[in-house]
Amino acid sequence: MAVIAGSNLFSNLTCPAAEECFDTLAEAAGTRIERIVSFGQSTPAGQWYDQLQDEWVLLVSGGAGILIEGEQAERRLAPGDWLLLPARCRHRVEWTSPGENTVWLAVYFAGGAS
């Protein structure tokens with residue numbers, strides 16, 4: 001099978017400082033692979049992510065704190081750390097590294113993860 005598309009995960013990381021950037025890298029049959037670039041952003045106060053798909057997320061660079069509903073403390077993520085968040089697992093990004101890009105690789109797929 002020939003390679004149809006390819007690039008470098010770290011190319012074109014420029015985003016407006018006030019926003020996160022979401023780039024779909026591949027998508028097929030209910031699965032989406034996405035690169036997310038954060039620059040000090042967090043989930044707004046009182047808001048939670050509550051997704052209909054499972055999410056596997058890898059922190060590639062930078063740092064972040066993720067709070068999962070029902071847990072007492074945030075999980076601090078460093079490069080190489082990953083989480084599997086089942087569908088409907090409410091979570092929020094408490095912080096991302098200020099002053100540097102935090103690069104995430106997220107894979108969203110149909111439920112049933114264990």
# chains A, B, ... in the order shown; residues from 1 in each chain; ligands from 1
call {"tool": "residues_around", "arguments": {"residues": "Arg92 (chain A)", "least_positions_apart": "6", "cutoff": "10 Å", "atoms": "only C-alpha atoms", "output": "PyMOL selection string"}}
result
chain A and resi 42-50+65-69+74
call {"tool": "write_last_selection", "arguments": {"atoms": "C-alpha atoms", "output": "compact mmCIF listing (two decimals), in the first residue's frame"}}
result
# COMPACT_ATOMS: atom_id res chain seq x y z
CA SER A 42 -7.04 25.07 30.13
CA THR A 43 -10.68 24.01 30.12
CA PRO A 44 -12.85 26.97 31.17
CA ALA A 45 -13.98 26.91 34.82
CA GLY A 46 -17.03 24.73 35.39
CA GLN A 47 -16.79 22.95 32.02
CA TRP A 48 -16.01 19.27 31.44
CA TYR A 49 -15.27 17.19 28.37
CA ASP A 50 -17.90 14.44 28.13
CA GLY A 65 -2.66 18.56 34.29
CA ILE A 66 -5.82 16.52 33.69
CA LEU A 67 -8.59 16.23 36.28
CA ILE A 68 -10.95 13.27 35.97
CA GLU A 69 -14.32 13.71 37.63
CA GLU A 74 -5.15 16.12 38.87
call {"tool": "residues_around", "arguments": {"residues": "Ser11 (chain A)", "least_positions_apart": "2", "cutoff": "12 Å", "atoms": "only C-alpha atoms", "output": "PDB file with N, CA and C atoms, in the first residue's frame"}}
result
ATOM      1  N   GLY A   6       1.553  12.282   4.479  1.00  0.00           N
ATOM      2  CA  GLY A   6       2.527  12.213   5.556  1.00  0.00           C
ATOM      3  C   GLY A   6       3.054  13.594   5.845  1.00  0.00           C
ATOM      4  N   SER A   7       3.605  13.758   6.999  1.00  0.00           N
ATOM      5  CA  SER A   7       4.155  15.041   7.399  1.00  0.00           C
ATOM      6  C   SER A   7       4.972  14.807   8.661  1.00  0.00           C
ATOM      7  N   ASN A   8       5.283  15.862   9.371  1.00  0.00           N
ATOM      8  CA  ASN A   8       5.984  15.788  10.638  1.00  0.00           C
ATOM      9  C   ASN A   8       5.063  16.343  11.709  1.00  0.00           C
ATOM     10  N   LEU A   9       4.914  15.638  12.808  1.00  0.00           N
ATOM     11  CA  LEU A   9       4.000  16.046  13.874  1.00  0.00           C
ATOM     12  C   LEU A   9       4.324  17.442  14.413  1.00  0.00           C
ATOM     13  N   LEU A  13       3.346  24.364  13.841  1.00  0.00           N
ATOM     14  CA  LEU A  13       2.782  24.434  15.186  1.00  0.00           C
ATOM     15  C   LEU A  13       2.267  25.820  15.547  1.00  0.00           C
ATOM     16  N   THR A  14       2.371  26.753  14.648  1.00  0.00           N
ATOM     17  CA  THR A  14       1.987  28.127  14.946  1.00  0.00           C
ATOM     18  C   THR A  14       0.483  28.248  15.097  1.00  0.00           C
ATOM     19  N   CYS A  15       0.049  28.719  16.272  1.00  0.00           N
ATOM     20  CA  CYS A  15      -1.362  28.934  16.570  1.00  0.00           C
ATOM     21  C   CYS A  15      -1.495  30.307  17.212  1.00  0.00           C
ATOM     22  N   ASP A  23      -5.917  19.649  14.680  1.00  0.00           N
ATOM     23  CA  ASP A  23      -5.709  19.223  13.294  1.00  0.00           C
ATOM     24  C   ASP A  23      -5.993  17.736  13.176  1.00  0.00           C
ATOM     25  N   ARG A  35      -4.037  15.931  16.121  1.00  0.00           N
ATOM     26  CA  ARG A  35      -2.956  16.625  16.824  1.00  0.00           C
ATOM     27  C   ARG A  35      -3.579  17.861  17.468  1.00  0.00           C
ATOM     28  N   VAL A  37      -2.520  21.277  19.742  1.00  0.00           N
ATOM     29  CA  VAL A  37      -1.424  22.118  20.213  1.00  0.00           C
ATOM     30  C   VAL A  37      -2.011  23.136  21.188  1.00  0.00           C
ATOM     31  N   ASN A 101       4.867  25.209  23.542  1.00  0.00           N
ATOM     32  CA  ASN A 101       3.829  24.368  22.961  1.00  0.00           C
ATOM     33  C   ASN A 101       3.694  23.076  23.748  1.00  0.00           C
ATOM     34  N   VAL A 103       2.096  19.599  22.914  1.00  0.00           N
ATOM     35  CA  VAL A 103       1.594  18.872  21.749  1.00  0.00           C
ATOM     36  C   VAL A 103       1.016  17.546  22.221  1.00  0.00           C
TER      37      VAL A 103
END
call {"tool": "select_by_dssp", "arguments": {"residues": "chain A", "states": "strand (DSSP E)", "output": "VMD selection string"}}
result
chain A and resid 21 to 28 31 to 38 54 to 61 64 to 68 75 to 77 82 to 85 91 to 96 102 to 109
call {"tool": "residues_around", "arguments": {"residues": "Phe39 (chain A)", "least_positions_apart": "5", "cutoff": "8 Å", "atoms": "only C-alpha atoms", "output": "ChimeraX atom specification"}}
result
/A:17-20,96-102
call {"tool": "closest_residue", "arguments": {"among": "A:Ala28, A:Cys21, A:Leu59, A:Leu83", "to": "Ala110 (chain A)", "atoms": "only C-alpha atoms"}}
result
A:Ala28
call {"tool": "closest_residue", "arguments": {"among": "A:Gly63, A:Leu58, A:Cys89, A:Phe10", "to": "Arg76 (chain A)", "atoms": "only C-alpha atoms"}}
result
A:Gly63
